[in-house]
Amino acid sequence: MAPPAQALDGSALQALLARSALGDRAAFRALYQATAAKLFGVALRILRREDWAEEVLQECYVSVWRHAREYNATRAAPMTWMTSIVRNRCLDWLRRPNPEPLPDEALESIESENPGPLASLEQARDTAALARCLGGLDARQRQAIALAFFDGLSHAELARHLREPLGTVKTWVRRGLARLRNCLELQG
Amino acid sequence: MNCRDKPALRERLAAEYALGTLRGRARERLRRWLRDDPELARGVAAWEARLAPMARAIEPVAPPARVWPKIEQQLNFKKPSSFWKTLGLIASGAAAALIAVAVLLPPQRAGGTASYIAILTDPKTSHPVLVATAERGETVLRVNTLDPAIHVAGRSLELWALPRGGAPRSLGLVSHERGLLKLLAPADQSLGDVPALAVSLEPQGGSPTGQPTGPVLYTGPCVKYW
């Protein structure tokens, strides 16, 4: 019954968000149906536990409803805005006061080859540009950025996972991001 | 410590916050800065937009069916009061204000009475900020700004009709004092099925998309007078 997120383009999601900001519950429900699977996928990938991802997803939609008025369409696409809410909430979740630190096995189990989703970056123009620019980075820079984005790894976790000194990993991330920006600006 | 005058550091922190590698105290501190540093917030938003295509590559996973009812419960949606019923309540609550405004309105010419009135209020203060009126057979909406402080330099305020069950429809931009907005059809057709109006903050010249793009600042019921 829920239309997949891809079926609704940015302007449709934007209209749903605008109506949600005005208190329209039916629009909010449609927004949930259109976006929940995508955002649940994002949360699940970072948190790796369904019960946690479920809780975070619930909190995030409550927050989207309450803050829908603050959404600014000139600054972010609707999906980008909501994805950032979910990713930030996931990172907060991972550093709750009673942390269950990520066990080494979990870090081991993260795919080490150039991480999965990167391979499926395709078609859309901005997607293709980002894929090209990521492709132009050193393999280690690309891997560190992808692991941080998709899997929510911190610098320290990246260092453990990649078995490299913390300082080295930090430099990869920093230089990788700077090169990414330059490349995207040239493509722009 | 502050990073305001260190553009390279700001850029690095914005990028690492968006990527998610900024953690612990550094993350908390950046979040505090974001609240009153719009330029830094723009930097983070730009990085979120740059990295956003990566999120599109993540496989969607349908969440369990129990999640939506929990969201509804947490937001107290369970009571049957719908958005429109809520508006109805606001409308009846605002009846006194409506009558007061009707009395204050400039006298209508003979034979004419304002038959649609909308009073938009600021949700933070509950003060009315804008009144729009139209006579039923006419194609003109009279818009009076009650609080001149609502205007924002370099931005436009756009007035929207919120038809029952449809997408918002632009009525035009709110001018500084009193303005007349042309309706596409006589008020009975343009506003007959419009229980509420809203004002959103838009780039100068109005929404580039035909739908509200900025924050919705003011809303209020649009009431037919007889």
# chains A, B, ... in the order shown; residues from 1 in each chain; ligands from 1
$ interface_residues --of "chain B" --to "chain A" --cutoff "6 Å" --atoms "only C-alpha atoms" --output "PyMOL selection string"
chain B and resi 19+21+52-53+57-63+71+83+213-216
$ residues_around --residues "segment 183-200 of chain B" --least-positions-apart "5" --cutoff "6 Å" --atoms "only C-alpha atoms" --output "NGL selection string"
:B and (136-140 or 157-164 or 214-222)
$ residues_around --residues "Pro69 of chain B" --least-positions-apart "5" --cutoff "10 Å" --atoms "only C-alpha atoms" --output "list of chain:residue names"
A:Gln58, B:Gln74, B:Leu75, B:Phe77, B:Lys78
$ write_last_selection --atoms "C-alpha atoms" --output "PDB file, in the first residue's frame"
ATOM      1  CA  GLN A  58       9.733   6.351  15.788  1.00  0.00           C
TER       2      GLN A  58
ATOM      3  CA  GLN B  74       3.054   9.370  20.898  1.00  0.00           C
ATOM      4  CA  LEU B  75       1.639  12.337  18.970  1.00  0.00           C
ATOM      5  CA  PHE B  77      -3.375  11.285  17.000  1.00  0.00           C
ATOM      6  CA  LYS B  78      -5.616   8.572  18.333  1.00  0.00           C
TER       7      LYS B  78
END
$ select_by_dssp --residues "segment 5-178 of chain A" --states "helix (DSSP H, G or I)" --output "compact mmCIF listing (two decimals) with N, CA, C and O atoms, in the first residue's frame"
# COMPACT_ATOMS: atom_id res chain seq x y z
N ALA A 5 9.53 5.38 -1.82
CA ALA A 5 9.98 6.77 -1.80
C ALA A 5 10.32 7.27 -3.19
O ALA A 5 10.08 8.42 -3.51
N GLN A 6 10.87 6.38 -4.02
CA GLN A 6 11.29 6.83 -5.35
C GLN A 6 10.10 7.32 -6.16
O GLN A 6 10.24 8.11 -7.06
N ALA A 7 8.90 6.74 -5.86
CA ALA A 7 7.73 7.09 -6.65
C ALA A 7 7.32 8.54 -6.41
O ALA A 7 6.65 9.14 -7.22
N GLY A 10 10.88 14.97 -5.15
CA GLY A 10 11.12 15.93 -4.08
C GLY A 10 9.98 16.90 -3.87
O GLY A 10 9.63 17.21 -2.73
N SER A 11 9.35 17.35 -4.97
CA SER A 11 8.32 18.38 -4.78
C SER A 11 7.08 17.79 -4.12
O SER A 11 6.38 18.46 -3.36
N ALA A 12 6.79 16.50 -4.40
CA ALA A 12 5.65 15.87 -3.74
C ALA A 12 5.92 15.72 -2.24
O ALA A 12 5.06 16.00 -1.41
N LEU A 13 7.13 15.29 -1.90
CA LEU A 13 7.48 15.16 -0.48
C LEU A 13 7.45 16.53 0.19
O LEU A 13 7.03 16.66 1.34
N GLN A 14 7.89 17.52 -0.56
CA GLN A 14 7.90 18.89 -0.03
C GLN A 14 6.47 19.35 0.29
O GLN A 14 6.22 19.95 1.32
N ALA A 15 5.54 19.03 -0.60
CA ALA A 15 4.14 19.41 -0.37
C ALA A 15 3.61 18.67 0.86
O ALA A 15 2.89 19.26 1.68
N LEU A 16 3.98 17.39 1.01
CA LEU A 16 3.51 16.63 2.18
C LEU A 16 4.08 17.23 3.47
O LEU A 16 3.38 17.33 4.48
N LEU A 17 5.35 17.62 3.41
CA LEU A 17 5.97 18.24 4.59
C LEU A 17 5.29 19.57 4.91
O LEU A 17 5.01 19.88 6.07
N ALA A 18 5.00 20.34 3.87
CA ALA A 18 4.35 21.65 4.08
C ALA A 18 2.99 21.45 4.74
O ALA A 18 2.61 22.15 5.67
N ARG A 19 2.24 20.45 4.27
CA ARG A 19 0.92 20.21 4.87
C ARG A 19 1.06 19.64 6.29
O ARG A 19 0.25 19.95 7.16
N SER A 20 2.10 18.84 6.51
CA SER A 20 2.32 18.33 7.87
C SER A 20 2.59 19.49 8.82
O SER A 20 2.13 19.50 9.96
N ALA A 21 3.34 20.48 8.32
CA ALA A 21 3.65 21.65 9.15
C ALA A 21 2.38 22.36 9.56
O ALA A 21 2.32 23.02 10.59
N ARG A 25 -2.73 15.55 9.36
CA ARG A 25 -2.26 14.22 9.74
C ARG A 25 -2.26 13.25 8.57
O ARG A 25 -1.42 12.35 8.51
N ALA A 26 -3.22 13.42 7.66
CA ALA A 26 -3.26 12.51 6.51
C ALA A 26 -2.01 12.71 5.66
O ALA A 26 -1.42 11.74 5.16
N ALA A 27 -1.59 13.96 5.50
CA ALA A 27 -0.38 14.23 4.73
C ALA A 27 0.83 13.63 5.43
O ALA A 27 1.72 13.07 4.78
N PHE A 28 0.85 13.71 6.75
CA PHE A 28 1.98 13.17 7.51
C PHE A 28 2.04 11.66 7.36
O PHE A 28 3.10 11.07 7.22
N ARG A 29 0.87 11.04 7.38
CA ARG A 29 0.84 9.59 7.20
C ARG A 29 1.37 9.21 5.81
O ARG A 29 2.12 8.26 5.65
N ALA A 30 0.96 9.98 4.80
CA ALA A 30 1.44 9.72 3.45
C ALA A 30 2.96 9.91 3.39
O ALA A 30 3.67 9.14 2.72
N LEU A 31 3.45 10.91 4.10
CA LEU A 31 4.90 11.15 4.14
C LEU A 31 5.61 9.95 4.77
O LEU A 31 6.64 9.48 4.27
N TYR A 32 5.03 9.42 5.85
CA TYR A 32 5.61 8.25 6.50
C TYR A 32 5.64 7.07 5.53
O TYR A 32 6.66 6.39 5.37
N GLN A 33 4.50 6.85 4.86
CA GLN A 33 4.42 5.70 3.96
C GLN A 33 5.44 5.81 2.83
O GLN A 33 5.98 4.81 2.38
N ALA A 34 5.68 7.04 2.40
CA ALA A 34 6.57 7.22 1.26
C ALA A 34 8.05 7.13 1.66
O ALA A 34 8.90 6.86 0.82
N THR A 35 8.37 7.37 2.92
CA THR A 35 9.78 7.52 3.27
C THR A 35 10.29 6.54 4.33
O THR A 35 11.50 6.41 4.50
N ALA A 36 9.38 5.86 5.04
CA ALA A 36 9.82 5.08 6.21
C ALA A 36 10.80 3.96 5.86
O ALA A 36 11.77 3.72 6.59
N ALA A 37 10.56 3.27 4.73
CA ALA A 37 11.43 2.13 4.40
C ALA A 37 12.85 2.61 4.13
O ALA A 37 13.84 1.98 4.55
N LYS A 38 12.94 3.73 3.43
CA LYS A 38 14.26 4.29 3.11
C LYS A 38 14.99 4.66 4.43
O LYS A 38 16.15 4.31 4.63
N LEU A 39 14.28 5.35 5.31
CA LEU A 39 14.92 5.82 6.54
C LEU A 39 15.20 4.66 7.49
O LEU A 39 16.20 4.67 8.22
N PHE A 40 14.33 3.65 7.48
CA PHE A 40 14.57 2.48 8.33
C PHE A 40 15.84 1.77 7.84
O PHE A 40 16.66 1.34 8.65
N GLY A 41 16.01 1.71 6.52
CA GLY A 41 17.22 1.11 5.95
C GLY A 41 18.47 1.84 6.43
O GLY A 41 19.46 1.22 6.80
N VAL A 42 18.40 3.17 6.44
CA VAL A 42 19.55 3.99 6.87
C VAL A 42 19.87 3.70 8.34
O VAL A 42 21.02 3.47 8.72
N ALA A 43 18.82 3.68 9.18
CA ALA A 43 19.01 3.48 10.62
C ALA A 43 19.54 2.07 10.92
O ALA A 43 20.43 1.87 11.74
N LEU A 44 18.96 1.10 10.22
CA LEU A 44 19.34 -0.29 10.45
C LEU A 44 20.80 -0.52 10.09
O LEU A 44 21.54 -1.23 10.78
N ARG A 45 21.22 0.12 9.03
CA ARG A 45 22.61 -0.03 8.57
C ARG A 45 23.58 0.52 9.64
O ARG A 45 24.61 -0.07 9.92
N ILE A 46 23.24 1.65 10.25
CA ILE A 46 24.14 2.24 11.24
C ILE A 46 24.04 1.51 12.58
O ILE A 46 25.05 1.22 13.22
N LEU A 47 22.83 1.18 13.02
CA LEU A 47 22.64 0.64 14.36
C LEU A 47 22.79 -0.88 14.42
O LEU A 47 23.08 -1.44 15.48
N GLU A 50 17.60 -4.30 14.94
CA GLU A 50 16.27 -3.90 14.51
C GLU A 50 15.51 -3.15 15.60
O GLU A 50 14.84 -2.17 15.31
N ASP A 51 15.61 -3.63 16.86
CA ASP A 51 14.84 -2.96 17.92
C ASP A 51 15.32 -1.52 18.10
O ASP A 51 14.50 -0.61 18.30
N TRP A 52 16.63 -1.28 18.00
CA TRP A 52 17.13 0.08 18.13
C TRP A 52 16.67 0.94 16.95
O TRP A 52 16.22 2.07 17.13
N ALA A 53 16.80 0.37 15.76
CA ALA A 53 16.44 1.13 14.55
C ALA A 53 14.96 1.52 14.60
O ALA A 53 14.57 2.62 14.21
N GLU A 54 14.14 0.60 15.14
CA GLU A 54 12.71 0.86 15.23
C GLU A 54 12.45 2.04 16.17
O GLU A 54 11.65 2.93 15.87
N GLU A 55 13.13 2.02 17.29
CA GLU A 55 12.93 3.08 18.28
C GLU A 55 13.38 4.44 17.73
O GLU A 55 12.70 5.46 17.89
N VAL A 56 14.54 4.42 17.06
CA VAL A 56 15.06 5.67 16.48
C VAL A 56 14.11 6.18 15.39
O VAL A 56 13.81 7.37 15.31
N LEU A 57 13.60 5.27 14.57
CA LEU A 57 12.68 5.68 13.49
C LEU A 57 11.45 6.37 14.08
O LEU A 57 11.03 7.43 13.62
N GLN A 58 10.91 5.76 15.12
CA GLN A 58 9.73 6.35 15.79
C GLN A 58 10.05 7.75 16.30
O GLN A 58 9.32 8.71 16.04
N GLU A 59 11.17 7.89 17.01
CA GLU A 59 11.56 9.21 17.53
C GLU A 59 11.73 10.23 16.42
O GLU A 59 11.37 11.39 16.57
N CYS A 60 12.31 9.77 15.31
CA CYS A 60 12.59 10.71 14.22
C CYS A 60 11.31 11.23 13.58
O CYS A 60 11.21 12.41 13.28
N TYR A 61 10.32 10.36 13.38
CA TYR A 61 9.08 10.86 12.78
C TYR A 61 8.34 11.79 13.75
O TYR A 61 7.73 12.77 13.32
N VAL A 62 8.39 11.49 15.03
CA VAL A 62 7.79 12.39 16.00
C VAL A 62 8.46 13.77 15.88
O VAL A 62 7.81 14.81 15.86
N SER A 63 9.79 13.73 15.73
CA SER A 63 10.53 14.97 15.61
C SER A 63 10.23 15.68 14.27
O SER A 63 10.12 16.91 14.23
N VAL A 64 10.08 14.91 13.19
CA VAL A 64 9.73 15.53 11.90
C VAL A 64 8.38 16.25 12.01
O VAL A 64 8.22 17.38 11.56
N TRP A 65 7.41 15.59 12.64
CA TRP A 65 6.09 16.21 12.81
C TRP A 65 6.20 17.52 13.61
O TRP A 65 5.64 18.54 13.25
N ARG A 66 6.97 17.46 14.68
CA ARG A 66 7.06 18.63 15.56
C ARG A 66 7.88 19.75 14.95
O ARG A 66 7.69 20.91 15.30
N HIS A 67 8.83 19.41 14.08
CA HIS A 67 9.72 20.45 13.54
C HIS A 67 9.46 20.72 12.07
O HIS A 67 10.27 21.39 11.43
N ALA A 68 8.35 20.19 11.54
CA ALA A 68 8.09 20.34 10.10
C ALA A 68 8.08 21.82 9.69
O ALA A 68 8.48 22.16 8.58
N ARG A 69 7.65 22.69 10.60
CA ARG A 69 7.64 24.12 10.28
C ARG A 69 9.03 24.67 10.00
O ARG A 69 9.18 25.68 9.33
N GLU A 70 10.04 24.04 10.60
CA GLU A 70 11.39 24.57 10.44
C GLU A 70 12.06 24.09 9.16
O GLU A 70 13.14 24.55 8.82
N PRO A 78 13.74 17.40 0.77
CA PRO A 78 13.05 16.79 1.91
C PRO A 78 13.73 15.52 2.42
O PRO A 78 13.89 15.32 3.63
N MET A 79 14.14 14.67 1.48
CA MET A 79 14.74 13.40 1.88
C MET A 79 16.10 13.63 2.56
O MET A 79 16.45 12.91 3.50
N THR A 80 16.85 14.63 2.08
CA THR A 80 18.14 14.95 2.70
C THR A 80 17.93 15.42 4.13
O THR A 80 18.65 15.03 5.05
N TRP A 81 16.91 16.27 4.30
CA TRP A 81 16.61 16.80 5.64
C TRP A 81 16.25 15.67 6.59
O TRP A 81 16.79 15.56 7.70
N MET A 82 15.37 14.79 6.15
CA MET A 82 14.92 13.71 7.03
C MET A 82 16.04 12.69 7.27
O MET A 82 16.17 12.16 8.37
N THR A 83 16.83 12.42 6.23
CA THR A 83 17.94 11.48 6.40
C THR A 83 18.94 12.01 7.43
O THR A 83 19.47 11.25 8.25
N SER A 84 19.19 13.33 7.39
CA SER A 84 20.13 13.89 8.36
C SER A 84 19.59 13.76 9.77
O SER A 84 20.35 13.49 10.71
N ILE A 85 18.28 13.96 9.93
CA ILE A 85 17.69 13.79 11.26
C ILE A 85 17.93 12.35 11.75
O ILE A 85 18.34 12.12 12.88
N VAL A 86 17.71 11.39 10.86
CA VAL A 86 17.85 9.98 11.25
C VAL A 86 19.31 9.63 11.54
O VAL A 86 19.63 9.02 12.56
N ARG A 87 20.22 10.07 10.67
CA ARG A 87 21.63 9.73 10.89
C ARG A 87 22.14 10.35 12.19
O ARG A 87 22.84 9.70 12.96
N ASN A 88 21.77 11.61 12.43
CA ASN A 88 22.23 12.26 13.67
C ASN A 88 21.66 11.56 14.90
O ASN A 88 22.35 11.37 15.90
N ARG A 89 20.39 11.16 14.81
CA ARG A 89 19.77 10.47 15.95
C ARG A 89 20.45 9.13 16.19
O ARG A 89 20.64 8.71 17.34
N CYS A 90 20.81 8.45 15.12
CA CYS A 90 21.51 7.16 15.25
C CYS A 90 22.86 7.36 15.95
O CYS A 90 23.23 6.58 16.83
N LEU A 91 23.58 8.40 15.54
CA LEU A 91 24.90 8.63 16.14
C LEU A 91 24.74 9.00 17.61
O LEU A 91 25.52 8.57 18.46
N ASP A 92 23.70 9.78 17.94
CA ASP A 92 23.44 10.10 19.35
C ASP A 92 23.13 8.82 20.11
O ASP A 92 23.55 8.63 21.24
N TRP A 93 22.34 7.96 19.49
CA TRP A 93 21.92 6.72 20.13
C TRP A 93 23.13 5.87 20.49
O TRP A 93 23.21 5.28 21.57
N LEU A 94 24.09 5.83 19.57
CA LEU A 94 25.28 5.00 19.79
C LEU A 94 26.14 5.52 20.93
O LEU A 94 26.96 4.79 21.46
N ASP A 104 34.11 -6.21 18.81
CA ASP A 104 35.05 -6.39 17.70
C ASP A 104 34.45 -7.23 16.58
O ASP A 104 34.67 -6.95 15.42
N GLU A 105 33.66 -8.26 16.98
CA GLU A 105 33.08 -9.11 15.94
C GLU A 105 32.21 -8.27 15.00
O GLU A 105 32.19 -8.50 13.80
N ALA A 106 31.49 -7.32 15.59
CA ALA A 106 30.62 -6.50 14.75
C ALA A 106 31.45 -5.68 13.77
O ALA A 106 31.10 -5.56 12.60
N LEU A 107 32.55 -5.14 14.28
CA LEU A 107 33.41 -4.37 13.39
C LEU A 107 34.00 -5.27 12.30
O LEU A 107 34.10 -4.89 11.15
N GLU A 108 34.35 -6.50 12.73
CA GLU A 108 34.91 -7.43 11.75
C GLU A 108 33.90 -7.75 10.65
O GLU A 108 34.25 -7.93 9.49
N SER A 109 32.63 -7.85 11.09
CA SER A 109 31.62 -8.32 10.14
C SER A 109 31.27 -7.27 9.08
O SER A 109 30.61 -7.57 8.10
N GLY A 116 29.52 -2.08 0.07
CA GLY A 116 28.41 -2.46 -0.78
C GLY A 116 27.67 -1.36 -1.50
O GLY A 116 27.72 -1.29 -2.73
N PRO A 117 26.99 -0.48 -0.74
CA PRO A 117 26.10 0.47 -1.41
C PRO A 117 26.80 1.35 -2.43
O PRO A 117 26.18 1.79 -3.39
N LEU A 118 28.11 1.59 -2.25
CA LEU A 118 28.82 2.45 -3.20
C LEU A 118 28.66 1.94 -4.62
O LEU A 118 28.55 2.71 -5.56
N ALA A 119 28.63 0.61 -4.75
CA ALA A 119 28.56 0.02 -6.07
C ALA A 119 27.26 0.41 -6.78
O ALA A 119 27.20 0.46 -8.00
N ARG A 125 21.81 12.52 -11.85
CA ARG A 125 22.99 13.30 -12.17
C ARG A 125 23.85 13.57 -10.94
O ARG A 125 25.06 13.37 -10.96
N ASP A 126 23.22 13.99 -9.83
CA ASP A 126 24.03 14.30 -8.65
C ASP A 126 24.67 13.02 -8.10
O ASP A 126 25.79 13.02 -7.63
N THR A 127 23.92 11.91 -8.22
CA THR A 127 24.45 10.64 -7.76
C THR A 127 25.67 10.24 -8.58
O THR A 127 26.69 9.82 -8.04
N ALA A 128 25.54 10.42 -9.91
CA ALA A 128 26.64 10.04 -10.79
C ALA A 128 27.86 10.91 -10.50
O ALA A 128 28.99 10.40 -10.46
N ALA A 129 27.64 12.20 -10.24
CA ALA A 129 28.76 13.10 -9.97
C ALA A 129 29.47 12.67 -8.69
O ALA A 129 30.70 12.58 -8.65
N LEU A 130 28.68 12.34 -7.66
CA LEU A 130 29.30 11.93 -6.40
C LEU A 130 30.04 10.61 -6.60
O LEU A 130 31.15 10.44 -6.09
N ALA A 131 29.43 9.69 -7.34
CA ALA A 131 30.07 8.39 -7.57
C ALA A 131 31.41 8.59 -8.29
O ALA A 131 32.41 7.97 -7.95
N ARG A 132 31.40 9.48 -9.31
CA ARG A 132 32.64 9.75 -10.05
C ARG A 132 33.71 10.32 -9.12
O ARG A 132 34.87 9.91 -9.15
N CYS A 133 33.29 11.28 -8.28
CA CYS A 133 34.28 11.93 -7.41
C CYS A 133 34.80 10.98 -6.34
O CYS A 133 35.98 11.00 -6.00
N LEU A 134 33.89 10.13 -5.81
CA LEU A 134 34.37 9.14 -4.85
C LEU A 134 35.34 8.20 -5.53
O LEU A 134 36.36 7.80 -4.96
N GLY A 135 35.04 7.87 -6.79
CA GLY A 135 35.90 6.98 -7.56
C GLY A 135 37.30 7.56 -7.77
O GLY A 135 38.26 6.82 -7.94
N ALA A 139 41.86 4.77 -2.65
CA ALA A 139 40.98 3.71 -2.17
C ALA A 139 40.75 3.79 -0.66
O ALA A 139 39.63 3.60 -0.18
N ARG A 140 41.79 4.13 0.10
CA ARG A 140 41.64 4.15 1.56
C ARG A 140 40.79 5.32 2.01
O ARG A 140 40.02 5.20 2.96
N GLN A 141 40.96 6.45 1.33
CA GLN A 141 40.12 7.62 1.65
C GLN A 141 38.65 7.28 1.38
O GLN A 141 37.77 7.55 2.19
N ARG A 142 38.41 6.66 0.23
CA ARG A 142 37.04 6.32 -0.15
C ARG A 142 36.44 5.35 0.85
O ARG A 142 35.30 5.49 1.29
N GLN A 143 37.24 4.36 1.23
CA GLN A 143 36.74 3.34 2.15
C GLN A 143 36.40 3.96 3.51
O GLN A 143 35.36 3.66 4.10
N ALA A 144 37.28 4.83 3.99
CA ALA A 144 37.04 5.45 5.29
C ALA A 144 35.77 6.29 5.26
O ALA A 144 34.94 6.23 6.18
N ILE A 145 35.59 7.07 4.19
CA ILE A 145 34.39 7.92 4.09
C ILE A 145 33.13 7.07 4.00
O ILE A 145 32.12 7.33 4.65
N ALA A 146 33.20 6.01 3.20
CA ALA A 146 32.02 5.16 3.04
C ALA A 146 31.66 4.47 4.36
O ALA A 146 30.49 4.40 4.74
N LEU A 147 32.65 3.97 5.07
CA LEU A 147 32.38 3.29 6.35
C LEU A 147 31.79 4.28 7.36
O LEU A 147 30.91 3.94 8.14
N ALA A 148 32.29 5.52 7.35
CA ALA A 148 31.76 6.51 8.28
C ALA A 148 30.32 6.85 7.92
O ALA A 148 29.46 6.91 8.79
N PHE A 149 30.05 7.03 6.63
CA PHE A 149 28.70 7.44 6.23
C PHE A 149 27.69 6.30 6.37
O PHE A 149 26.66 6.45 7.01
N PHE A 150 27.99 5.17 5.78
CA PHE A 150 27.01 4.09 5.75
C PHE A 150 26.88 3.40 7.10
O PHE A 150 25.80 3.01 7.52
N ASP A 151 27.98 3.21 7.78
CA ASP A 151 27.98 2.37 8.98
C ASP A 151 28.13 3.17 10.26
O ASP A 151 28.14 2.62 11.34
N HIS A 155 35.98 7.98 14.12
CA HIS A 155 37.41 7.87 13.78
C HIS A 155 38.05 6.68 14.49
O HIS A 155 38.81 5.91 13.90
N ALA A 156 37.74 6.52 15.79
CA ALA A 156 38.38 5.44 16.57
C ALA A 156 37.95 4.08 16.04
O ALA A 156 38.78 3.16 15.92
N GLU A 157 36.67 3.94 15.70
CA GLU A 157 36.20 2.66 15.16
C GLU A 157 36.80 2.38 13.78
O GLU A 157 37.12 1.23 13.45
N LEU A 158 36.93 3.45 12.99
CA LEU A 158 37.57 3.29 11.68
C LEU A 158 39.00 2.76 11.86
O LEU A 158 39.43 1.85 11.15
N ALA A 159 39.71 3.35 12.84
CA ALA A 159 41.10 2.95 13.06
C ALA A 159 41.16 1.48 13.47
O ALA A 159 42.00 0.71 12.99
N ARG A 160 40.22 1.06 14.34
CA ARG A 160 40.20 -0.35 14.77
C ARG A 160 39.87 -1.26 13.59
O ARG A 160 40.50 -2.28 13.37
N HIS A 161 38.85 -0.85 12.85
CA HIS A 161 38.39 -1.69 11.74
C HIS A 161 39.45 -1.81 10.64
O HIS A 161 39.65 -2.88 10.09
N LEU A 162 40.11 -0.70 10.35
CA LEU A 162 41.08 -0.71 9.25
C LEU A 162 42.49 -1.06 9.73
O LEU A 162 43.41 -1.15 8.93
N LEU A 166 45.13 5.99 14.55
CA LEU A 166 44.04 6.96 14.55
C LEU A 166 44.37 8.18 13.68
O LEU A 166 43.56 8.62 12.87
N GLY A 167 45.60 8.71 13.85
CA GLY A 167 45.98 9.92 13.11
C GLY A 167 45.93 9.70 11.60
O GLY A 167 45.48 10.58 10.85
N THR A 168 46.35 8.52 11.18
CA THR A 168 46.34 8.21 9.75
C THR A 168 44.91 8.23 9.20
O THR A 168 44.62 8.82 8.16
N VAL A 169 44.02 7.58 9.96
CA VAL A 169 42.64 7.49 9.52
C VAL A 169 42.00 8.88 9.47
O VAL A 169 41.29 9.22 8.52
N LYS A 170 42.29 9.69 10.48
CA LYS A 170 41.75 11.06 10.50
C LYS A 170 42.19 11.83 9.25
O LYS A 170 41.43 12.57 8.66
N THR A 171 43.47 11.64 8.90
CA THR A 171 43.99 12.35 7.73
C THR A 171 43.30 11.87 6.45
O THR A 171 42.96 12.67 5.59
N TRP A 172 43.07 10.57 6.33
CA TRP A 172 42.36 10.06 5.15
C TRP A 172 41.00 10.73 5.03
O TRP A 172 40.61 11.17 3.95
N VAL A 173 40.28 10.77 6.15
CA VAL A 173 38.93 11.33 6.11
C VAL A 173 39.00 12.81 5.73
O VAL A 173 38.28 13.27 4.83
N ARG A 174 39.90 13.54 6.39
CA ARG A 174 39.96 14.98 6.15
C ARG A 174 40.34 15.28 4.70
O ARG A 174 39.67 16.05 4.02
N ARG A 175 41.39 14.60 4.22
CA ARG A 175 41.83 14.87 2.84
C ARG A 175 40.81 14.37 1.84
O ARG A 175 40.59 15.01 0.81
N GLY A 176 40.22 13.23 2.16
CA GLY A 176 39.21 12.68 1.24
C GLY A 176 38.05 13.64 1.07
O GLY A 176 37.59 13.90 -0.04
N LEU A 177 37.57 14.20 2.19
CA LEU A 177 36.43 15.13 2.12
C LEU A 177 36.81 16.39 1.34
O LEU A 177 36.03 16.89 0.53
N ALA A 178 38.03 16.89 1.57
CA ALA A 178 38.45 18.11 0.87
C ALA A 178 38.53 17.84 -0.64
O ALA A 178 38.07 18.66 -1.45
$ residues_around --residues "Leu180 of chain B" --least-positions-apart "3" --cutoff "7 Å" --atoms "only C-alpha atoms" --output "PDB file with N, CA and C atoms, in the first residue's frame"
ATOM      1  N   VAL B 140     -11.591  39.965  -5.590  1.00  0.00           N
ATOM      2  CA  VAL B 140     -10.529  40.701  -4.900  1.00  0.00           C
ATOM      3  C   VAL B 140     -10.450  40.228  -3.453  1.00  0.00           C
ATOM      4  N   LEU B 141      -9.235  39.982  -2.997  1.00  0.00           N
ATOM      5  CA  LEU B 141      -9.011  39.650  -1.588  1.00  0.00           C
ATOM      6  C   LEU B 141      -8.293  40.835  -0.960  1.00  0.00           C
ATOM      7  N   ARG B 142      -8.905  41.390   0.108  1.00  0.00           N
ATOM      8  CA  ARG B 142      -8.261  42.526   0.789  1.00  0.00           C
ATOM      9  C   ARG B 142      -7.422  41.986   1.929  1.00  0.00           C
ATOM     10  N   VAL B 143      -6.157  42.345   1.926  1.00  0.00           N
ATOM     11  CA  VAL B 143      -5.248  41.801   2.933  1.00  0.00           C
ATOM     12  C   VAL B 143      -4.676  42.940   3.765  1.00  0.00           C
TER      13      VAL B 143
END
$ atom_distance --atom1 "atom CA of Pro203 of chain B" --atom2 "atom CA of Arg12 of chain B"
28.8 Å
$ residues_around --residues "Arg27 of chain B" --least-positions-apart "5" --cutoff "9 Å" --atoms "only C-alpha atoms" --output "PyMOL selection string"
chain B and resi 13+17+20-22+32
$ atom_distance --atom1 "atom CA of Glu164 of chain A" --atom2 "atom CA of Arg10 of chain B"
26.3 Å
$ closest_residue --among "B:Thr121, B:Val223, B:Ser175, B:Pro168" --to "Ala134 of chain B" --atoms "only C-alpha atoms"
B:Val223
$ closest_residue --among "A:Arg179, A:Arg163, A:Arg96, A:Gly136" --to "Arg23 of chain B" --atoms "only C-alpha atoms"
A:Arg96
$ residues_around --residues "segment 147-156 of chain B" --least-positions-apart "4" --cutoff "9 Å" --atoms "only C-alpha atoms" --output "ChimeraX atom specification"
/B:128-130,173-177,200-207
